[in-house]
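First up is the structure itself, then whatever we jot down about it.
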Amino acid sequence: MVFDFIDGGADDERTLRENEAALARLTFAPRAMTNVREVSTGLELFGVPLSMPLLLSPTGLPGLAHPKAELAAARAAREAGILFTASTVSSYSLQEIASTVAGPHWFQLYAWNDKALTGKLVDKAREAGYRMILLTIDTPVVGNRERDLRNGMVLPPRVTFANATDMLRRWSWIWGQIRGPGVKIPNIADLETQVHKGGTGPAGYLKGLFNPEQSWDYIGWIKERFGGPVGVKGIITAADARRARDAGADTIVVSNHGGRQLDGAPATIAVLPEIVEALRGSGMPILIDSGIRRGSDIVRALALGATACMIGRPWLWGLAAGGTDGVRRVIEILRAELERTMALVGATNLRELSPEVIRQP
Ligand SMILES: Cc1cc2nc3c(=O)[nH]c(=O)nc-3n(C[C@H](O)[C@H](O)[C@H](O)COP(=O)(O)O)c2cc1C
């Protein structure tokens, strides 16, 4: 059930598959006989030096994968010199993550249909020292994840014969769930009691929270209240990239939510070039996620104009397999692959990754 919650996508999972397939279709045009003894993967993003162009994407309820959840992932990211993004529906609260692992961290915001609640989340992020808010815009309603429906992985969770026997066979997981945060959503739970005294429980409440009436004015409102940079996550068209820029966004994440929302959305790598073109001259860093699985995928995305990549499922797999060590290992593997691929295509630093390293058929 938990594996499918992480691994799965919406409807027929066509976008989910296409994310990786479109990356796989891009082959390289290496430049041989260049001196690649020293390969540097460092960059600066919003004044923060990063050891490599990688960030951890926000994912909800990582406590289902491992009791240390964000605490483990944020620690592995900090040690590796990359950035962690906490989800609105994180398993540990924003304050707890920031006080356990010193930042800088980023925060992903869902603009709930309750503006007062959304504003309080923005205040919490500011007070806890988060450096960036990424507003996710591809979730006006929740995608149709049929694996979750089949498994009873819905809010509130449904106990079925299949998921009960599945869970009972996994004692170490159950033990982790007893010790860890479980399916709690602390960022909303504490606010809910303040904002909606006597309302329904967090799980049922969450479902009605997604905002089917989002608009671009939200960006300016959030920026003013936060007092720091605000990015938009979930851009897959050049037109929306321009709208985000015009609304004052400081960065965008080209993302289809890892194929979990609109099935039939294009692979992010396929739309990256037109989005880069639309934002040319704006100086906005362009991030991308959805399907990044290897260091060579990071090279593909940077060659086509991305500033950095983000990963969702890969860090969750590492977390589930080995907590902090597991996430650390995922980052190390990606770093080694990135350095090796850069050397193999003949690039010594990130600026040398241009469309020329991608073969044009
Ligand atoms: C289990 C899971 C939970 C997620 N929860 C959130 C979330 O709370 N907020 C959000 O903006 N994106 C969420 N995402 C999407 C990720 O931020 C990211 O866009 C996606 O995972 C990238 O694709 P990848 O998994 O192929 O790397 C989630 C993804 C997964 C797999």
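In the structure tokens, each chain is lettered A, B, ... as it comes, each chain's residues begin at 1, and ligands are numbered from 1 in order of appearance.
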Enumerate the residues of segment 288-325 of chain A with a DSSP assignment of strand (DSSP E), computed from the backbone, and present them as a VMD selection string. chain A and resid 288 308 to 311
Enumerate residues in contact with ligand 1: an atom-to-atom distance of at most 8 Å, counting only C-alpha atoms and all ligand atoms. Format the result as JSON, numbers by chain. {"A": [5, 6, 7, 8, 16, 19, 20, 57, 58, 59, 60, 61, 62, 87, 88, 89, 90, 108, 109, 110, 134, 135, 136, 233, 234, 255, 256, 257, 258, 259, 260, 289, 290, 291, 292, 293, 310, 311, 312, 313, 314, 316]}
Check the DSSP output for the backbone and give back, as a list in words, the residues of segment 208-277 of chain A in alpha helix (DSSP H).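 Output for segment 208-277 of chain A, alpha helix (DSSP H) only: Asp217, Tyr218, Ile219, Gly220, Trp221, Ile222, Lys223, Glu224, Arg225, Phe226, Ala238, Ala239, Asp240, Ala241, Arg242, Arg243, Ala244, Arg245, Asp246, Thr268, Ile269, Ala270, Val271, Leu272, Pro273, Glu274, Ile275, Val276 and Glu277 of chain A.
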Restricting the output to N, CA and C atoms, write the selected residues as a short mmCIF file (atom, residue, chain, number, x, y, z; two decimals), in the first residue's frame.
```cif
data_model
loop_
_atom_site.label_atom_id
_atom_site.label_comp_id
_atom_site.auth_asym_id
_atom_site.auth_seq_id
_atom_site.Cartn_x
_atom_site.Cartn_y
_atom_site.Cartn_z
N ASP A 217 -3.19 36.04 -8.58
CA ASP A 217 -3.01 37.09 -7.56
C ASP A 217 -2.41 36.53 -6.27
N TYR A 218 -2.58 35.24 -6.08
CA TYR A 218 -2.06 34.62 -4.87
C TYR A 218 -0.56 34.88 -4.69
N ILE A 219 0.16 34.92 -5.83
CA ILE A 219 1.63 35.03 -5.75
C ILE A 219 2.02 36.32 -5.02
N GLY A 220 1.42 37.44 -5.47
CA GLY A 220 1.76 38.74 -4.86
C GLY A 220 1.38 38.76 -3.39
N TRP A 221 0.23 38.19 -3.09
CA TRP A 221 -0.27 38.15 -1.71
C TRP A 221 0.70 37.34 -0.82
N ILE A 222 1.13 36.19 -1.33
CA ILE A 222 2.04 35.33 -0.55
C ILE A 222 3.40 36.02 -0.38
N LYS A 223 3.88 36.62 -1.48
CA LYS A 223 5.19 37.29 -1.42
C LYS A 223 5.20 38.37 -0.36
N GLU A 224 4.11 39.15 -0.33
CA GLU A 224 4.06 40.25 0.62
C GLU A 224 4.03 39.71 2.05
N ARG A 225 3.23 38.69 2.25
CA ARG A 225 3.10 38.15 3.61
C ARG A 225 4.36 37.43 4.05
N PHE A 226 5.03 36.75 3.10
CA PHE A 226 6.23 35.98 3.42
C PHE A 226 7.45 36.89 3.55
N ALA A 238 4.56 27.17 -21.78
CA ALA A 238 5.27 28.45 -21.89
C ALA A 238 4.35 29.59 -21.44
N ALA A 239 3.05 29.47 -21.76
CA ALA A 239 2.11 30.54 -21.40
C ALA A 239 2.02 30.69 -19.89
N ASP A 240 1.92 29.58 -19.16
CA ASP A 240 1.87 29.67 -17.70
C ASP A 240 3.21 30.15 -17.12
N ALA A 241 4.30 29.79 -17.78
CA ALA A 241 5.61 30.28 -17.30
C ALA A 241 5.64 31.80 -17.37
N ARG A 242 5.11 32.37 -18.47
CA ARG A 242 5.07 33.84 -18.61
C ARG A 242 4.12 34.44 -17.57
N ARG A 243 2.98 33.77 -17.35
CA ARG A 243 2.03 34.30 -16.35
C ARG A 243 2.67 34.30 -14.96
N ALA A 244 3.42 33.24 -14.66
CA ALA A 244 4.08 33.17 -13.35
C ALA A 244 5.09 34.31 -13.22
N ARG A 245 5.86 34.53 -14.27
CA ARG A 245 6.85 35.63 -14.26
C ARG A 245 6.13 36.97 -14.07
N ASP A 246 5.05 37.18 -14.83
CA ASP A 246 4.33 38.46 -14.75
C ASP A 246 3.66 38.65 -13.38
N THR A 268 8.01 16.46 -18.57
CA THR A 268 8.55 17.80 -18.29
C THR A 268 9.75 18.11 -19.19
N ILE A 269 10.57 17.10 -19.48
CA ILE A 269 11.77 17.38 -20.31
C ILE A 269 11.34 17.79 -21.72
N ALA A 270 10.16 17.33 -22.16
CA ALA A 270 9.69 17.66 -23.51
C ALA A 270 9.29 19.13 -23.62
N VAL A 271 8.76 19.71 -22.54
CA VAL A 271 8.31 21.11 -22.60
C VAL A 271 9.37 22.09 -22.08
N LEU A 272 10.44 21.55 -21.50
CA LEU A 272 11.47 22.45 -20.93
C LEU A 272 12.00 23.46 -21.96
N PRO A 273 12.38 23.03 -23.19
CA PRO A 273 12.97 24.01 -24.11
C PRO A 273 12.04 25.19 -24.41
N GLU A 274 10.73 24.95 -24.60
CA GLU A 274 9.85 26.09 -24.91
C GLU A 274 9.66 27.01 -23.69
N ILE A 275 9.73 26.43 -22.51
CA ILE A 275 9.61 27.25 -21.29
C ILE A 275 10.88 28.09 -21.09
N VAL A 276 12.03 27.47 -21.34
CA VAL A 276 13.30 28.21 -21.24
C VAL A 276 13.28 29.37 -22.23
N GLU A 277 12.78 29.12 -23.43
CA GLU A 277 12.70 30.17 -24.46
C GLU A 277 11.77 31.31 -24.00
#
```
Nearest to Cys309 of chain A: which of A:Asn211, A:Asn144, A:Ser296, A:Gln177 is it, counting only C-alpha atoms?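 Closest to Cys309 of chain A of all the choices is A:Ser296.
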So that I can see what lies close to Gly176 of chain A, please list as an MDAnalysis selection string the residues with an atom at most 10 Å from it, counting only C-alpha atoms and leaving out residues fewer than 4 positions away in the same chain. chainID A and resid 63:68 171:172 180:182
Please save C-alpha atoms of the selected residues as a PDB file, in the first residue's frame.
```pdb
ATOM      1  CA  GLY A  63       6.438   9.315   7.688  1.00  0.00           C
ATOM      2  CA  LEU A  64       4.726   6.389   5.984  1.00  0.00           C
ATOM      3  CA  ALA A  65       8.098   5.418   4.496  1.00  0.00           C
ATOM      4  CA  HIS A  66      10.266   5.907   7.605  1.00  0.00           C
ATOM      5  CA  PRO A  67       9.642   7.213  11.142  1.00  0.00           C
ATOM      6  CA  LYS A  68      12.356   9.897  10.788  1.00  0.00           C
ATOM      7  CA  TRP A 171       6.331  -5.999  11.640  1.00  0.00           C
ATOM      8  CA  SER A 172       9.312  -3.697  11.360  1.00  0.00           C
ATOM      9  CA  GLY A 180       7.066   7.707  14.174  1.00  0.00           C
ATOM     10  CA  PRO A 181       4.583  10.409  13.233  1.00  0.00           C
ATOM     11  CA  GLY A 182       2.212   8.023  11.366  1.00  0.00           C
TER      12      GLY A 182
END
```
Given only C-alpha atoms as the counted atoms, nearest of A:Arg147, A:Arg78, A:Arg294, A:Arg300 to Glu337 of chain A: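 Closest residue, counting only C-alpha atoms: A:Arg294.
Between Thr139 of chain A and the residues A:Ile235, A:Ala102, A:Leu71, A:Leu50, the shortest atom-to-atom distance, using only C-alpha atoms, involves A:Ile235.
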To one decimal place, how far is atom CA of Leu319 of chain A from atom CA of Tyr92 of chain A in Å?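 Atom CA of Tyr92 of chain A lies at a distance of 14.6 Å from atom CA of Leu319 of chain A.
Between atom CA of Ile178 of chain A and atom CA of Ala98 of chain A the interatomic distance comes to 23.1 Å.
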Grab the atom CA of Glu13 of chain A to atom CA of Val141 of chain A distance for me, in Å with one decimal place.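 Answer for the atom CA of Glu13 of chain A to atom CA of Val141 of chain A separation: 17.2 Å.
In this comparison, which uses only C-alpha atoms, the residue of A:Ile288, A:Leu279, A:Ile133, A:Met33 approaching Val345 of chain A most closely is A:Met33.
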